[in-house]
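Data first, discussion second: the structure below is written as structure tokens.
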Amino acid sequence: MPKEADLYPPIKAYLQRQGYQVKGEVGAADVVARRRDEPPVIVELKLGFSLSLFHQGIDRLAITDQVYVAVPAGGKNKALKANVKLARRVGLGVMTVRLRDGHVEVLADPGPYAPRKSRKKTTRLLRAFDRLQGDPNAGGATRHGIVTGYRQDALRCARFLAVHGPSQGATVKAWAEVPDATRIMAADHYGWFVRVSRGVYDLTDAGRQGITDYGDA
């Protein structure tokens, strides 16, 4: 099993190649590096990302702005990206060490982080907000899951069919006031609808159960 100490030699060698003098376990810091009159560089070593690692890194920011956290390379890419993003948010740099050969990779440098706003994500969020009727997820998901605006539209289609029986998509669209009624029933993401003829849809047993399950949605 690897140990935190296994990260030290590759990190030290990497920093020395940058012209730093490097020493381990200086005060409360795992690694301290100095180069001429520049601010010191501190690296905190751990075998994986954890809240305590971020706490340690944030504490070291009281000493210098040049603080990195270092972990072994590998692991799930999605989790790694999320942890790098979190580190950048709090001003920490991130290094990974490939233990089999000592390769060090810097994934982020310390410094202020100002995330770029995504107009596309903002538009998507506001569209979902406007589409959602009422506040069906107050306090968290319902017993049967999250209620989305899409599910509410599907419920309106299902309720119309429960009352009127098999109907044309255009009719459901007009009377249930669901602009995407035909597309929703054709896609049938929840197993609630069945096409009985061209452009005509009916409700399945699962659809009737859905109306019961999401009666308050």
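To be explicit about the labels: the chains of the structure tokens are called A, B, and onward in the order shown, and within each one the residues are counted from 1, while ligands get numbers from 1 in the order they are shown.
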| field | Backbone DSSP call of strand (DSSP E or B) for range 15-95 of chain A, listed as a list in words | value | Gln21, Val22, Lys23, Gly24, Glu25, Val26, Ala29, Asp30, Val31, Val32, Ala33, Arg34, Val41, Ile42, Val43, Glu44, Leu45, Gln66, Val67, Tyr68, Val69, Ala70, Val71, Pro72, Gly93, Val94 and Met95 of chain A
Could you take the residues named above and write them with C-alpha atoms, as a PDB file, in the first residue's frame?
ATOM      1  CA  GLN A  21      15.373  24.396  -2.117  1.00  0.00           C
ATOM      2  CA  VAL A  22      13.006  21.830  -0.615  1.00  0.00           C
ATOM      3  CA  LYS A  23      12.538  20.466   2.888  1.00  0.00           C
ATOM      4  CA  GLY A  24       9.902  18.170   4.348  1.00  0.00           C
ATOM      5  CA  GLU A  25       7.892  18.440   7.556  1.00  0.00           C
ATOM      6  CA  VAL A  26       8.703  22.059   8.300  1.00  0.00           C
ATOM      7  CA  ALA A  29       3.588  21.892   6.501  1.00  0.00           C
ATOM      8  CA  ASP A  30       4.354  18.640   4.692  1.00  0.00           C
ATOM      9  CA  VAL A  31       6.628  20.261   2.083  1.00  0.00           C
ATOM     10  CA  VAL A  32       8.170  23.726   1.991  1.00  0.00           C
ATOM     11  CA  ALA A  33      10.138  25.082  -0.977  1.00  0.00           C
ATOM     12  CA  ARG A  34      12.084  28.352  -1.251  1.00  0.00           C
ATOM     13  CA  VAL A  41       5.681  27.218  -1.778  1.00  0.00           C
ATOM     14  CA  ILE A  42       3.843  24.793   0.486  1.00  0.00           C
ATOM     15  CA  VAL A  43       2.586  21.378  -0.605  1.00  0.00           C
ATOM     16  CA  GLU A  44       0.243  19.256   1.512  1.00  0.00           C
ATOM     17  CA  LEU A  45       0.404  15.525   0.770  1.00  0.00           C
ATOM     18  CA  GLN A  66       1.508  29.483  -3.126  1.00  0.00           C
ATOM     19  CA  VAL A  67      -0.162  26.408  -1.633  1.00  0.00           C
ATOM     20  CA  TYR A  68      -0.688  23.100  -3.445  1.00  0.00           C
ATOM     21  CA  VAL A  69      -2.354  19.861  -2.464  1.00  0.00           C
ATOM     22  CA  ALA A  70      -0.827  16.697  -3.909  1.00  0.00           C
ATOM     23  CA  VAL A  71      -2.396  13.251  -4.315  1.00  0.00           C
ATOM     24  CA  PRO A  72      -1.517  10.101  -6.271  1.00  0.00           C
ATOM     25  CA  GLY A  93      -3.138  24.493  -6.582  1.00  0.00           C
ATOM     26  CA  VAL A  94      -3.283  20.762  -7.340  1.00  0.00           C
ATOM     27  CA  MET A  95      -0.505  18.289  -8.162  1.00  0.00           C
TER      28      MET A  95
END
| message | Can you tell me, as an MDAnalysis selection string, which residues in range 35-192 of chain A count as alpha helix (DSSP H) by DSSP? | response | chainID A and resid 51:60 77:89 119:131 149:164 169:176 181:187
Closest atom pairs, range 59-89 of chain A residues within 9 Å of range 104-108 of chain A, only C-alpha atoms, as CSV:
residue,atom,partner,partner_atom,distance
A:Tyr68,CA,A:Ala108,CA,8.5
A:Ala70,CA,A:Val106,CA,9.0
A:Ala73,CA,A:Glu105,CA,8.5
A:Val84,CA,A:Ala108,CA,7.0
A:Lys85,CA,A:Ala108,CA,8.7
A:Ala87,CA,A:Ala108,CA,8.2
A:Arg88,CA,A:Ala108,CA,6.9
For the selection just defined, write its residues with N, CA and C atoms to a file, as a tab-separated table (two decimals), in the first residue's frame.
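Saved to out-v1.tsv:
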chain	number	residue	atom	x	y	z
A	68	TYR	N	-0.19	24.20	-2.61
A	68	TYR	CA	-0.69	23.10	-3.44
A	68	TYR	C	-1.12	21.94	-2.55
A	70	ALA	N	-1.36	17.73	-3.01
A	70	ALA	CA	-0.83	16.70	-3.91
A	70	ALA	C	-1.38	15.34	-3.52
A	73	ALA	N	-1.79	10.08	-8.67
A	73	ALA	CA	-2.54	10.14	-9.92
A	73	ALA	C	-3.47	8.94	-10.01
A	84	VAL	N	-10.49	19.29	-8.42
A	84	VAL	CA	-9.63	20.36	-8.93
A	84	VAL	C	-10.41	21.67	-8.97
A	85	LYS	N	-11.67	21.60	-9.40
A	85	LYS	CA	-12.49	22.80	-9.43
A	85	LYS	C	-12.67	23.38	-8.03
A	87	ALA	N	-10.63	22.97	-5.47
A	87	ALA	CA	-9.35	23.53	-5.04
A	87	ALA	C	-9.15	24.92	-5.62
A	88	ARG	N	-9.45	25.08	-6.89
A	88	ARG	CA	-9.28	26.38	-7.53
A	88	ARG	C	-10.20	27.42	-6.91
| message | Residues within 10 Å of Ala170 in chain A, please, as an NGL selection string. Count only C-alpha atoms; anything in the same chain fewer than 2 positions from it doesn't count. | response | :A and (167-168 or 172-176 or 178-182 or 199-200)
Since we have the selection now, will you write its residues out, keeping N, CA and C atoms, as a PDB file, in the first residue's frame?
ATOM      1  N   SER A 167     -56.628   9.787 -27.869  1.00  0.00           N
ATOM      2  CA  SER A 167     -56.813  11.114 -28.470  1.00  0.00           C
ATOM      3  C   SER A 167     -55.654  11.462 -29.382  1.00  0.00           C
ATOM      4  N   GLN A 168     -55.927  12.334 -30.340  1.00  0.00           N
ATOM      5  CA  GLN A 168     -54.908  12.878 -31.205  1.00  0.00           C
ATOM      6  C   GLN A 168     -53.951  13.751 -30.394  1.00  0.00           C
ATOM      7  N   VAL A 172     -54.713  16.765 -27.504  1.00  0.00           N
ATOM      8  CA  VAL A 172     -54.122  16.831 -26.161  1.00  0.00           C
ATOM      9  C   VAL A 172     -53.368  18.149 -25.992  1.00  0.00           C
ATOM     10  N   LYS A 173     -52.629  18.523 -27.017  1.00  0.00           N
ATOM     11  CA  LYS A 173     -51.867  19.776 -26.974  1.00  0.00           C
ATOM     12  C   LYS A 173     -52.781  20.965 -26.696  1.00  0.00           C
ATOM     13  N   ALA A 174     -53.902  21.021 -27.386  1.00  0.00           N
ATOM     14  CA  ALA A 174     -54.800  22.169 -27.260  1.00  0.00           C
ATOM     15  C   ALA A 174     -55.548  22.177 -25.939  1.00  0.00           C
ATOM     16  N   TRP A 175     -56.105  21.039 -25.566  1.00  0.00           N
ATOM     17  CA  TRP A 175     -56.975  21.011 -24.386  1.00  0.00           C
ATOM     18  C   TRP A 175     -56.197  20.894 -23.078  1.00  0.00           C
ATOM     19  N   ALA A 176     -55.069  20.177 -23.087  1.00  0.00           N
ATOM     20  CA  ALA A 176     -54.268  20.048 -21.862  1.00  0.00           C
ATOM     21  C   ALA A 176     -53.277  21.195 -21.726  1.00  0.00           C
ATOM     22  N   VAL A 178     -50.423  21.694 -23.352  1.00  0.00           N
ATOM     23  CA  VAL A 178     -49.047  21.182 -23.327  1.00  0.00           C
ATOM     24  C   VAL A 178     -48.498  21.296 -24.744  1.00  0.00           C
ATOM     25  N   PRO A 179     -47.683  22.303 -25.033  1.00  0.00           N
ATOM     26  CA  PRO A 179     -47.196  22.523 -26.398  1.00  0.00           C
ATOM     27  C   PRO A 179     -46.472  21.319 -26.989  1.00  0.00           C
ATOM     28  N   ASP A 180     -45.767  20.541 -26.150  1.00  0.00           N
ATOM     29  CA  ASP A 180     -44.988  19.405 -26.645  1.00  0.00           C
ATOM     30  C   ASP A 180     -45.709  18.076 -26.425  1.00  0.00           C
ATOM     31  N   ALA A 181     -47.016  18.095 -26.358  1.00  0.00           N
ATOM     32  CA  ALA A 181     -47.770  16.893 -26.013  1.00  0.00           C
ATOM     33  C   ALA A 181     -47.444  15.712 -26.920  1.00  0.00           C
ATOM     34  N   THR A 182     -47.480  15.928 -28.234  1.00  0.00           N
ATOM     35  CA  THR A 182     -47.234  14.815 -29.162  1.00  0.00           C
ATOM     36  C   THR A 182     -45.834  14.250 -28.966  1.00  0.00           C
ATOM     37  N   GLY A 199     -50.690   9.083 -34.809  1.00  0.00           N
ATOM     38  CA  GLY A 199     -50.990  10.340 -34.144  1.00  0.00           C
ATOM     39  C   GLY A 199     -51.958  10.242 -32.990  1.00  0.00           C
ATOM     40  N   VAL A 200     -52.401   9.020 -32.655  1.00  0.00           N
ATOM     41  CA  VAL A 200     -53.378   8.832 -31.580  1.00  0.00           C
ATOM     42  C   VAL A 200     -52.720   8.040 -30.446  1.00  0.00           C
TER      43      VAL A 200
END
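Proximity to Gln209 in chain A was assessed for A:Arg100, A:His189, A:Leu80, A:Ala162 counting only C-alpha atoms; the smallest distance is recorded for A:Ala162.
Here CA of Arg151 in chain A stands at a distance of 25.5 Å from CA of Ser118 in chain A.
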| task | Skip Tyr14 in chain A itself and residues of its chain fewer than 4 positions away, then list as a VMD selection string all residues within 9 Å of it, counting only C-alpha atoms. | result | chain A and resid 9 to 10 18 103 to 104
Please write the residues from the selection above to a file, keeping C-alpha atoms, as an mmCIF file, in the first residue's frame.
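New file again.cif:
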data_model
loop_
_atom_site.group_PDB
_atom_site.id
_atom_site.type_symbol
_atom_site.label_atom_id
_atom_site.label_comp_id
_atom_site.auth_asym_id
_atom_site.auth_seq_id
_atom_site.Cartn_x
_atom_site.Cartn_y
_atom_site.Cartn_z
ATOM 1 C CA PRO A 9 10.580 12.322 -3.293
ATOM 2 C CA PRO A 10 8.833 13.018 -6.642
ATOM 3 C CA GLN A 18 12.342 24.525 -10.827
ATOM 4 C CA HIS A 103 5.852 11.788 -12.765
ATOM 5 C CA VAL A 104 4.369 14.978 -11.306
#
| task | Considering only C-alpha atoms, return as a ChimeraX atom specification whatever protein or nucleic-acid residues lie within 9 Å of Gly91 in chain A, sequence-local ones (same chain, fewer than 4 positions apart) excluded. | result | /A:58,61,65-67,86-87,109-113
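Neighbouring residues of Gly149 in chain A at 12 Å or closer, counting only C-alpha atoms and skipping chain neighbours under 5 positions away, are Leu125, Leu126, Arg127, Ala128, Phe129, Asp130, Arg131, Leu132, Gln133, Gly134, Asp135, Pro136, Asn137, Ala154, Leu155, Arg156, Val178, Asp180, Ile184 and Ala217 of chain A.
The space between CA of Gln16 in chain A and CA of Leu51 in chain A spans 28.8 Å.
Of note, CA of Ser52 in chain A and CA of Glu38 in chain A are spaced 27.5 Å apart.
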